[in-house]
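*Asks:* Following this line is work-v3.tsv, made up of TSV, N, CA, C and O atoms:
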```tsv
chain	number	residue	atom	x	y	z
A	198	MET	N	0.84	-1.18	0.00
A	198	MET	CA	0.00	0.00	0.00
A	198	MET	C	0.88	1.24	0.00
A	198	MET	O	1.91	1.28	0.67
A	199	CYS	N	0.44	2.27	-0.71
A	199	CYS	CA	1.21	3.50	-0.86
A	199	CYS	C	1.13	4.38	0.39
A	199	CYS	O	0.08	4.49	1.01
A	200	ASN	N	2.24	4.98	0.74
A	200	ASN	CA	2.30	5.84	1.91
A	200	ASN	C	2.59	7.29	1.48
A	200	ASN	O	3.29	8.02	2.16
A	201	CYS	N	2.06	7.70	0.32
A	201	CYS	CA	2.36	9.01	-0.25
A	201	CYS	C	1.90	10.17	0.64
A	201	CYS	O	2.56	11.18	0.76
A	202	GLY	N	0.76	10.06	1.26
A	202	GLY	CA	0.21	11.12	2.09
A	202	GLY	C	1.12	11.46	3.26
A	202	GLY	O	1.35	12.62	3.59
A	203	LYS	N	1.67	10.46	3.89
A	203	LYS	CA	2.58	10.69	5.03
A	203	LYS	C	3.85	11.39	4.59
A	203	LYS	O	4.39	12.22	5.29
A	204	LYS	N	4.34	11.05	3.39
A	204	LYS	CA	5.55	11.70	2.90
A	204	LYS	C	5.30	13.18	2.69
A	204	LYS	O	6.15	14.01	3.00
A	205	ARG	N	4.14	13.54	2.17
A	205	ARG	CA	3.81	14.96	1.97
A	205	ARG	C	3.75	15.70	3.31
A	205	ARG	O	4.25	16.80	3.44
A	206	GLU	N	3.12	15.10	4.29
A	206	GLU	CA	3.01	15.73	5.62
A	206	GLU	C	4.40	15.93	6.22
A	206	GLU	O	4.72	16.99	6.74
A	207	ASN	N	5.24	14.91	6.14
A	207	ASN	CA	6.60	15.01	6.69
A	207	ASN	C	7.43	16.04	5.95
A	207	ASN	O	8.20	16.77	6.55
A	208	TYR	N	7.27	16.10	4.63
A	208	TYR	CA	8.02	17.08	3.84
A	208	TYR	C	7.66	18.50	4.26
A	208	TYR	O	8.53	19.33	4.48
A	209	GLY	N	6.39	18.79	4.42
A	209	GLY	CA	5.96	20.13	4.83
A	209	GLY	C	6.48	20.49	6.21
A	209	GLY	O	6.91	21.61	6.45
A	210	ALA	N	6.50	19.54	7.12
A	210	ALA	CA	6.97	19.81	8.49
A	210	ALA	C	8.46	20.10	8.50
A	210	ALA	O	8.92	21.03	9.15
A	211	THR	N	9.25	19.32	7.77
A	211	THR	CA	10.69	19.55	7.79
A	211	THR	C	11.05	20.81	7.03
A	211	THR	O	11.96	21.53	7.39
A	212	ARG	N	10.33	21.10	5.97
A	212	ARG	CA	10.62	22.29	5.17
A	212	ARG	C	10.35	23.56	5.98
A	212	ARG	O	11.16	24.47	6.00
A	213	SER	N	9.22	23.63	6.69
A	213	SER	CA	8.91	24.84	7.46
A	213	SER	C	9.87	25.03	8.62
A	213	SER	O	10.18	26.15	8.99
A	214	SER	N	10.37	23.95	9.19
A	214	SER	CA	11.31	24.10	10.30
A	214	SER	C	12.67	24.59	9.82
A	214	SER	O	13.41	25.20	10.56
A	215	ARG	N	12.99	24.37	8.56
A	215	ARG	CA	14.27	24.84	8.02
A	215	ARG	C	14.23	26.32	7.65
A	215	ARG	O	15.25	26.94	7.47
A	216	LEU	N	13.05	26.90	7.49
A	216	LEU	CA	12.95	28.29	7.06
A	216	LEU	C	13.37	29.29	8.12
A	216	LEU	O	13.58	30.44	7.83
A	217	GLY	N	13.44	28.87	9.34
A	217	GLY	CA	13.98	29.76	10.37
A	217	GLY	C	12.96	30.20	11.39
A	217	GLY	O	12.55	29.44	12.23
A	218	SER	N	12.53	31.42	11.30
A	218	SER	CA	11.72	32.08	12.32
A	218	SER	C	10.45	31.29	12.65
A	218	SER	O	9.78	30.78	11.77
A	219	SER	N	10.14	31.25	13.93
A	219	SER	CA	8.92	30.59	14.35
A	219	SER	C	7.71	31.48	14.12
A	219	SER	O	6.59	31.02	14.14
A	220	ASN	N	7.94	32.78	13.90
A	220	ASN	CA	6.86	33.71	13.63
A	220	ASN	C	7.05	34.29	12.23
A	220	ASN	O	7.73	35.29	12.06
A	221	PRO	N	6.44	33.68	11.21
A	221	PRO	CA	6.67	34.14	9.84
A	221	PRO	C	6.03	35.50	9.53
A	221	PRO	O	6.32	36.09	8.52
A	222	MET	N	5.18	36.01	10.40
A	222	MET	CA	4.49	37.26	10.14
A	222	MET	C	5.10	38.43	10.92
A	222	MET	O	4.39	39.28	11.43
A	223	GLU	N	6.40	38.48	11.02
A	223	GLU	CA	7.06	39.58	11.69
A	223	GLU	C	6.86	40.86	10.89
A	223	GLU	O	6.91	40.84	9.66
A	224	PRO	N	6.62	41.99	11.55
A	224	PRO	CA	6.38	43.22	10.81
A	224	PRO	C	7.62	43.70	10.06
A	224	PRO	O	8.75	43.56	10.54
A	225	ILE	N	7.41	44.23	8.89
A	225	ILE	CA	8.49	44.79	8.07
A	225	ILE	C	8.53	46.28	8.33
A	225	ILE	O	7.48	46.94	8.32
A	226	PRO	N	9.69	46.84	8.57
A	226	PRO	CA	9.75	48.28	8.82
A	226	PRO	C	9.26	49.05	7.61
A	226	PRO	O	9.56	48.70	6.47
A	227	ASN	N	8.49	50.13	7.86
A	227	ASN	CA	7.95	50.94	6.78
A	227	ASN	C	9.03	51.75	6.09
A	227	ASN	O	8.95	52.02	4.91
A	228	LYS	N	10.00	52.16	6.84
A	228	LYS	CA	11.00	53.06	6.30
A	228	LYS	C	12.38	52.58	6.71
A	228	LYS	O	12.66	52.46	7.88
A	229	ILE	N	13.21	52.33	5.74
A	229	ILE	CA	14.54	51.81	6.02
A	229	ILE	C	15.56	52.94	6.04
A	229	ILE	O	16.49	52.94	6.83
A	230	VAL	N	15.39	53.92	5.17
A	230	VAL	CA	16.33	55.01	5.03
A	230	VAL	C	15.61	56.33	5.32
A	230	VAL	O	14.44	56.49	4.98
A	231	ASP	N	16.31	57.26	5.93
A	231	ASP	CA	15.73	58.57	6.21
A	231	ASP	C	15.51	59.36	4.93
A	231	ASP	O	16.06	59.07	3.89
A	232	ASN	N	14.69	60.42	5.06
A	232	ASN	CA	14.50	61.35	3.96
A	232	ASN	C	15.81	62.07	3.65
A	232	ASN	O	16.71	62.14	4.48
A	233	VAL	N	15.89	62.62	2.46
A	233	VAL	CA	17.03	63.41	2.04
A	233	VAL	C	16.52	64.83	1.87
A	233	VAL	O	15.44	65.04	1.34
A	234	PHE	N	17.29	65.81	2.31
A	234	PHE	CA	16.83	67.20	2.26
A	234	PHE	C	17.45	67.92	1.07
A	234	PHE	O	18.63	67.78	0.79
A	235	PHE	N	16.60	68.71	0.38
A	235	PHE	CA	17.04	69.49	-0.76
A	235	PHE	C	16.65	70.94	-0.56
A	235	PHE	O	15.57	71.24	-0.05
A	236	GLU	N	17.54	71.83	-1.00
A	236	GLU	CA	17.29	73.27	-0.94
A	236	GLU	C	17.04	73.78	-2.35
A	236	GLU	O	17.75	73.43	-3.30
A	237	TYR	N	16.04	74.65	-2.46
A	237	TYR	CA	15.72	75.26	-3.76
A	237	TYR	C	16.55	76.51	-3.93
A	237	TYR	O	16.57	77.39	-3.08
A	238	THR	N	17.25	76.62	-5.07
A	238	THR	CA	18.14	77.76	-5.31
A	238	THR	C	17.68	78.60	-6.51
A	238	THR	O	18.40	79.47	-6.96
A	239	GLY	N	16.48	78.33	-7.00
A	239	GLY	CA	15.96	79.07	-8.16
A	239	GLY	C	15.50	80.47	-7.79
A	239	GLY	O	15.80	80.98	-6.70
A	240	LEU	N	14.74	81.09	-8.70
A	240	LEU	CA	14.35	82.49	-8.53
A	240	LEU	C	12.91	82.69	-8.06
A	240	LEU	O	12.60	83.72	-7.46
A	241	SER	N	12.01	81.77	-8.33
A	241	SER	CA	10.61	81.98	-7.95
A	241	SER	C	10.12	80.79	-7.12
A	241	SER	O	10.47	80.67	-5.96
A	242	ALA	N	9.32	79.91	-7.69
A	242	ALA	CA	8.81	78.72	-7.00
A	242	ALA	C	8.99	77.52	-7.92
A	242	ALA	O	9.22	77.67	-9.12
A	243	LEU	N	8.89	76.33	-7.34
A	243	LEU	CA	9.09	75.11	-8.12
A	243	LEU	C	8.21	74.01	-7.56
A	243	LEU	O	8.14	73.80	-6.34
A	244	SER	N	7.54	73.30	-8.45
A	244	SER	CA	6.80	72.09	-8.10
A	244	SER	C	7.44	70.92	-8.82
A	244	SER	O	7.72	71.00	-10.02
A	245	VAL	N	7.67	69.85	-8.09
A	245	VAL	CA	8.30	68.66	-8.66
A	245	VAL	C	7.53	67.44	-8.16
A	245	VAL	O	7.11	67.39	-7.01
A	246	THR	N	7.39	66.45	-9.04
A	246	THR	CA	6.78	65.19	-8.65
A	246	THR	C	7.86	64.13	-8.61
A	246	THR	O	8.65	64.00	-9.56
A	247	GLY	N	7.91	63.38	-7.53
A	247	GLY	CA	8.91	62.32	-7.38
A	247	GLY	C	8.73	61.23	-8.41
A	247	GLY	O	7.63	60.75	-8.62
A	248	LYS	N	9.82	60.82	-9.04
A	248	LYS	CA	9.78	59.79	-10.08
A	248	LYS	C	9.36	58.43	-9.55
A	248	LYS	O	8.65	57.69	-10.21
A	249	ILE	N	9.79	58.09	-8.35
A	249	ILE	CA	9.49	56.77	-7.80
A	249	ILE	C	8.26	56.80	-6.90
A	249	ILE	O	7.34	56.01	-7.06
A	250	SER	N	8.22	57.72	-5.95
A	250	SER	CA	7.13	57.75	-4.98
A	250	SER	C	5.86	58.39	-5.52
A	250	SER	O	4.77	58.12	-5.03
A	251	GLY	N	6.01	59.28	-6.51
A	251	GLY	CA	4.84	60.00	-7.03
A	251	GLY	C	4.41	61.15	-6.14
A	251	GLY	O	3.40	61.80	-6.39
A	252	LYS	N	5.17	61.42	-5.08
A	252	LYS	CA	4.84	62.52	-4.17
A	252	LYS	C	5.04	63.87	-4.85
A	252	LYS	O	5.92	64.02	-5.70
A	253	HIS	N	4.24	64.83	-4.46
A	253	HIS	CA	4.34	66.19	-4.99
A	253	HIS	C	5.13	67.04	-4.00
A	253	HIS	O	4.79	67.09	-2.82
A	254	TYR	N	6.18	67.69	-4.48
A	254	TYR	CA	7.01	68.56	-3.64
A	254	TYR	C	6.87	69.99	-4.15
A	254	TYR	O	7.00	70.25	-5.34
A	255	ARG	N	6.61	70.93	-3.25
A	255	ARG	CA	6.42	72.33	-3.62
A	255	ARG	C	7.42	73.19	-2.86
A	255	ARG	O	7.39	73.28	-1.63
A	256	PHE	N	8.32	73.81	-3.61
A	256	PHE	CA	9.26	74.78	-3.06
A	256	PHE	C	8.66	76.16	-3.35
A	256	PHE	O	8.57	76.56	-4.51
A	257	ASN	N	8.21	76.87	-2.33
A	257	ASN	CA	7.50	78.13	-2.52
A	257	ASN	C	8.39	79.32	-2.85
A	257	ASN	O	7.95	80.27	-3.48
A	258	GLN	N	9.64	79.27	-2.39
A	258	GLN	CA	10.54	80.41	-2.61
A	258	GLN	C	11.98	79.94	-2.53
A	258	GLN	O	12.26	78.86	-2.01
A	259	PRO	N	12.91	80.75	-3.03
A	259	PRO	CA	14.33	80.39	-2.93
A	259	PRO	C	14.74	80.18	-1.47
A	259	PRO	O	14.27	80.90	-0.57
A	260	GLY	N	15.54	79.19	-1.23
A	260	GLY	CA	16.00	78.89	0.12
A	260	GLY	C	15.16	77.86	0.85
A	260	GLY	O	15.56	77.40	1.92
A	261	ASN	N	13.97	77.51	0.31
A	261	ASN	CA	13.16	76.48	0.95
A	261	ASN	C	13.92	75.16	0.98
A	261	ASN	O	14.56	74.77	0.00
A	262	ILE	N	13.84	74.48	2.13
A	262	ILE	CA	14.45	73.16	2.29
A	262	ILE	C	13.32	72.19	2.61
A	262	ILE	O	12.55	72.42	3.55
A	263	LEU	N	13.23	71.12	1.82
A	263	LEU	CA	12.17	70.13	2.02
A	263	LEU	C	12.76	68.73	2.17
A	263	LEU	O	13.77	68.41	1.54
A	264	PRO	N	12.10	67.90	2.99
A	264	PRO	CA	12.50	66.49	3.04
A	264	PRO	C	11.96	65.78	1.80
A	264	PRO	O	10.79	65.90	1.46
A	265	ILE	N	12.82	65.05	1.13
A	265	ILE	CA	12.47	64.32	-0.08
A	265	ILE	C	12.60	62.84	0.21
A	265	ILE	O	13.56	62.41	0.84
A	266	ASP	N	11.64	62.07	-0.25
A	266	ASP	CA	11.70	60.62	-0.10
A	266	ASP	C	13.03	60.11	-0.68
A	266	ASP	O	13.41	60.51	-1.79
A	267	TYR	N	13.71	59.29	0.06
A	267	TYR	CA	15.04	58.82	-0.37
A	267	TYR	C	15.00	58.15	-1.75
A	267	TYR	O	15.98	58.19	-2.48
A	268	ARG	N	13.86	57.57	-2.12
A	268	ARG	CA	13.76	56.92	-3.43
A	268	ARG	C	13.75	57.93	-4.57
A	268	ARG	O	14.11	57.61	-5.69
A	269	ASP	N	13.34	59.17	-4.30
A	269	ASP	CA	13.29	60.22	-5.31
A	269	ASP	C	14.57	61.05	-5.37
A	269	ASP	O	14.73	61.89	-6.25
A	270	ALA	N	15.47	60.84	-4.45
A	270	ALA	CA	16.65	61.70	-4.31
A	270	ALA	C	17.54	61.72	-5.55
A	270	ALA	O	18.02	62.78	-5.95
A	271	VAL	N	17.75	60.59	-6.19
A	271	VAL	CA	18.63	60.55	-7.36
A	271	VAL	C	18.07	61.42	-8.48
A	271	VAL	O	18.80	62.21	-9.09
A	272	ALA	N	16.78	61.35	-8.72
A	272	ALA	CA	16.16	62.17	-9.77
A	272	ALA	C	16.21	63.65	-9.39
A	272	ALA	O	16.40	64.51	-10.26
A	273	MET	N	16.06	63.96	-8.11
A	273	MET	CA	16.09	65.36	-7.67
A	273	MET	C	17.48	65.97	-7.86
A	273	MET	O	17.61	67.17	-8.11
A	274	MET	N	18.52	65.16	-7.78
A	274	MET	CA	19.87	65.67	-7.99
A	274	MET	C	20.09	66.12	-9.43
A	274	MET	O	20.99	66.92	-9.70
A	275	ALA	N	19.26	65.66	-10.33
A	275	ALA	CA	19.37	66.05	-11.74
A	275	ALA	C	18.70	67.40	-12.01
A	275	ALA	O	18.88	67.96	-13.08
A	276	VAL	N	17.93	67.92	-11.06
A	276	VAL	CA	17.27	69.22	-11.22
A	276	VAL	C	18.29	70.31	-10.88
A	276	VAL	O	18.77	70.38	-9.75
A	277	PRO	N	18.63	71.19	-11.84
A	277	PRO	CA	19.73	72.14	-11.64
A	277	PRO	C	19.51	73.12	-10.49
A	277	PRO	O	20.48	73.57	-9.89
A	278	VAL	N	18.25	73.44	-10.16
A	278	VAL	CA	17.99	74.45	-9.11
A	278	VAL	C	17.76	73.83	-7.73
A	278	VAL	O	17.34	74.50	-6.80
A	279	LEU	N	18.04	72.53	-7.60
A	279	LEU	CA	17.94	71.85	-6.30
A	279	LEU	C	19.32	71.35	-5.92
A	279	LEU	O	20.07	70.84	-6.74
A	280	ARG	N	19.64	71.52	-4.63
A	280	ARG	CA	20.90	70.97	-4.16
A	280	ARG	C	20.66	70.23	-2.86
A	280	ARG	O	19.87	70.66	-2.00
A	281	LYS	N	21.33	69.11	-2.71
A	281	LYS	CA	21.22	68.29	-1.52
A	281	LYS	C	21.92	68.98	-0.37
A	281	LYS	O	23.02	69.51	-0.53
A	282	VAL	N	21.26	68.99	0.81
A	282	VAL	CA	21.86	69.62	1.99
A	282	VAL	C	21.80	68.66	3.16
A	282	VAL	O	20.95	67.78	3.23
A	283	ASN	N	22.71	68.83	4.08
A	283	ASN	CA	22.71	68.06	5.32
A	283	ASN	C	22.01	68.88	6.39
A	283	ASN	O	22.30	70.05	6.57
A	284	THR	N	21.11	68.25	7.11
A	284	THR	CA	20.38	68.96	8.16
A	284	THR	C	20.82	68.55	9.55
A	284	THR	O	20.29	69.01	10.52
A	285	ARG	N	21.79	67.69	9.67
A	285	ARG	CA	22.22	67.19	10.98
A	285	ARG	C	23.45	67.91	11.45
A	285	ARG	O	24.29	68.35	10.87
```
Will you turn the file into structure tokens for me?

*Replies:*
Amino acid sequence: MCNCGKKRENYGATRSSRLGSSNPMEPIPNKIVDNVFFEYTGLSALSVTGKISGKHYRFNQPGNILPIDYRDAVAMMAVPVLRKVNTR
């Protein structure tokens, strides 16, 4: 007589024990990297939409510093009137 069902049960038990954590539903952090800050150096105002996040950023006047999602930072560096600044 075939014992196929027992093999499947045993395979599932040994496989799950090899995966590690006893709690597979551990929360994933929402944010891994901090925002990056950019200063507007243009003459009037500027609105920019983040390439990755889709967030809308509005610089109302020269000298405005805004936190930018870290995923959008590379694209923001390509904007000539924005410069990355350290706030710490």

*Asks:* Can you tell me which residues surround region 269-274 of chain A at a distance of at most 7 Å, considering all atoms listed in the file, apart from same-chain residues fewer than 3 positions away, and format the answer as a PyMOL selection string?

*Replies:* chain A and resi 233+247-250+265-266+277-281

*Asks:* Which value, in Å to one decimal, gives the distance between atom C of Leu243 (chain A) and atom C of Ile229 (chain A)?

*Replies:*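 A separation of 26.1 Å between them.
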
*Asks:* Can you tell me how far atom C of Asn261 (chain A) sits from atom O of Glu236 (chain A), in Å to one decimal?

*Replies:*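 Interatomic distance, atom C of Asn261 (chain A) to atom O of Glu236 (chain A): 6.0 Å.
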
*Asks:* Taking all atoms listed in the file into account, which of A:Ala275, A:Phe256, A:Arg268, A:Leu263 comes nearest Ser241 (chain A)?

*Replies:*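 Among the listed residues, A:Phe256 lies closest to Ser241 (chain A).
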
*Asks:* So what do you get for CA of Lys252 (chain A) versus CA of Asn283 (chain A), distance-wise?

*Replies:*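 It comes out at 21.0 Å.
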
*Asks:* Rank nothing, just name the residue among A:Val276, A:Val230, A:Leu240, A:Val245 nearest to Pro259 (chain A), using only C-alpha atoms.

*Replies:*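 The closest residue to Pro259 (chain A) is A:Leu240.
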
*Asks:* Complete region 255-266 of chain A at the level of all heavy atoms, written as a short mmCIF file (atom, residue, chain, number, x, y, z; two decimals), in the frame of the given file.

*Replies:*
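For reference, part_5.cif as written:
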```
data_model
loop_
_atom_site.label_atom_id
_atom_site.label_comp_id
_atom_site.auth_asym_id
_atom_site.auth_seq_id
_atom_site.Cartn_x
_atom_site.Cartn_y
_atom_site.Cartn_z
N ARG A 255 6.61 70.93 -3.25
CA ARG A 255 6.42 72.33 -3.62
C ARG A 255 7.42 73.19 -2.86
O ARG A 255 7.39 73.28 -1.63
CB ARG A 255 5.00 72.77 -3.30
CG ARG A 255 4.72 74.22 -3.49
CD ARG A 255 4.53 74.56 -4.93
NE ARG A 255 4.23 75.99 -5.05
CZ ARG A 255 4.30 76.65 -6.15
NH1 ARG A 255 4.63 76.05 -7.26
NH2 ARG A 255 4.03 77.92 -6.19
N PHE A 256 8.32 73.81 -3.61
CA PHE A 256 9.26 74.78 -3.06
C PHE A 256 8.66 76.16 -3.35
O PHE A 256 8.57 76.56 -4.51
CB PHE A 256 10.64 74.63 -3.73
CG PHE A 256 11.32 73.32 -3.45
CD1 PHE A 256 11.09 72.22 -4.26
CD2 PHE A 256 12.18 73.18 -2.37
CE1 PHE A 256 11.72 71.00 -4.02
CE2 PHE A 256 12.81 71.97 -2.12
CZ PHE A 256 12.58 70.88 -2.94
N ASN A 257 8.21 76.87 -2.33
CA ASN A 257 7.50 78.13 -2.52
C ASN A 257 8.39 79.32 -2.85
O ASN A 257 7.95 80.27 -3.48
CB ASN A 257 6.66 78.46 -1.29
CG ASN A 257 5.51 77.48 -1.13
OD1 ASN A 257 4.89 77.10 -2.11
ND2 ASN A 257 5.26 77.06 0.10
N GLN A 258 9.64 79.27 -2.39
CA GLN A 258 10.54 80.41 -2.61
C GLN A 258 11.98 79.94 -2.53
O GLN A 258 12.26 78.86 -2.01
CB GLN A 258 10.28 81.50 -1.57
CG GLN A 258 10.52 81.02 -0.14
CD GLN A 258 10.04 82.04 0.88
OE1 GLN A 258 9.31 82.95 0.55
NE2 GLN A 258 10.45 81.86 2.11
N PRO A 259 12.91 80.75 -3.03
CA PRO A 259 14.33 80.39 -2.93
C PRO A 259 14.74 80.18 -1.47
O PRO A 259 14.27 80.90 -0.57
CB PRO A 259 15.04 81.61 -3.52
CG PRO A 259 14.02 82.25 -4.39
CD PRO A 259 12.70 81.99 -3.75
N GLY A 260 15.54 79.19 -1.23
CA GLY A 260 16.00 78.89 0.12
C GLY A 260 15.16 77.86 0.85
O GLY A 260 15.56 77.40 1.92
N ASN A 261 13.97 77.51 0.31
CA ASN A 261 13.16 76.48 0.95
C ASN A 261 13.92 75.16 0.98
O ASN A 261 14.56 74.77 0.00
CB ASN A 261 11.86 76.24 0.18
CG ASN A 261 10.74 77.15 0.59
OD1 ASN A 261 10.07 77.66 -0.28
ND2 ASN A 261 10.50 77.35 1.85
N ILE A 262 13.84 74.48 2.13
CA ILE A 262 14.45 73.16 2.29
C ILE A 262 13.32 72.19 2.61
O ILE A 262 12.55 72.42 3.55
CB ILE A 262 15.51 73.16 3.40
CG1 ILE A 262 16.65 74.09 3.02
CG2 ILE A 262 16.02 71.75 3.64
CD1 ILE A 262 17.68 74.28 4.12
N LEU A 263 13.23 71.12 1.82
CA LEU A 263 12.17 70.13 2.02
C LEU A 263 12.76 68.73 2.17
O LEU A 263 13.77 68.41 1.54
CB LEU A 263 11.21 70.10 0.83
CG LEU A 263 10.37 71.33 0.57
CD1 LEU A 263 9.50 71.10 -0.67
CD2 LEU A 263 9.50 71.65 1.75
N PRO A 264 12.10 67.90 2.99
CA PRO A 264 12.50 66.49 3.04
C PRO A 264 11.96 65.78 1.80
O PRO A 264 10.79 65.90 1.46
CB PRO A 264 11.83 65.98 4.31
CG PRO A 264 10.65 66.88 4.51
CD PRO A 264 11.03 68.21 3.94
N ILE A 265 12.82 65.05 1.13
CA ILE A 265 12.47 64.32 -0.08
C ILE A 265 12.60 62.84 0.21
O ILE A 265 13.56 62.41 0.84
CB ILE A 265 13.40 64.72 -1.25
CG1 ILE A 265 13.39 66.23 -1.49
CG2 ILE A 265 13.06 63.95 -2.52
CD1 ILE A 265 12.08 66.81 -1.94
N ASP A 266 11.64 62.07 -0.25
CA ASP A 266 11.70 60.62 -0.10
C ASP A 266 13.03 60.11 -0.68
O ASP A 266 13.41 60.51 -1.79
CB ASP A 266 10.52 59.98 -0.85
CG ASP A 266 10.37 58.50 -0.58
OD1 ASP A 266 11.36 57.75 -0.80
OD2 ASP A 266 9.28 58.09 -0.16
#
```
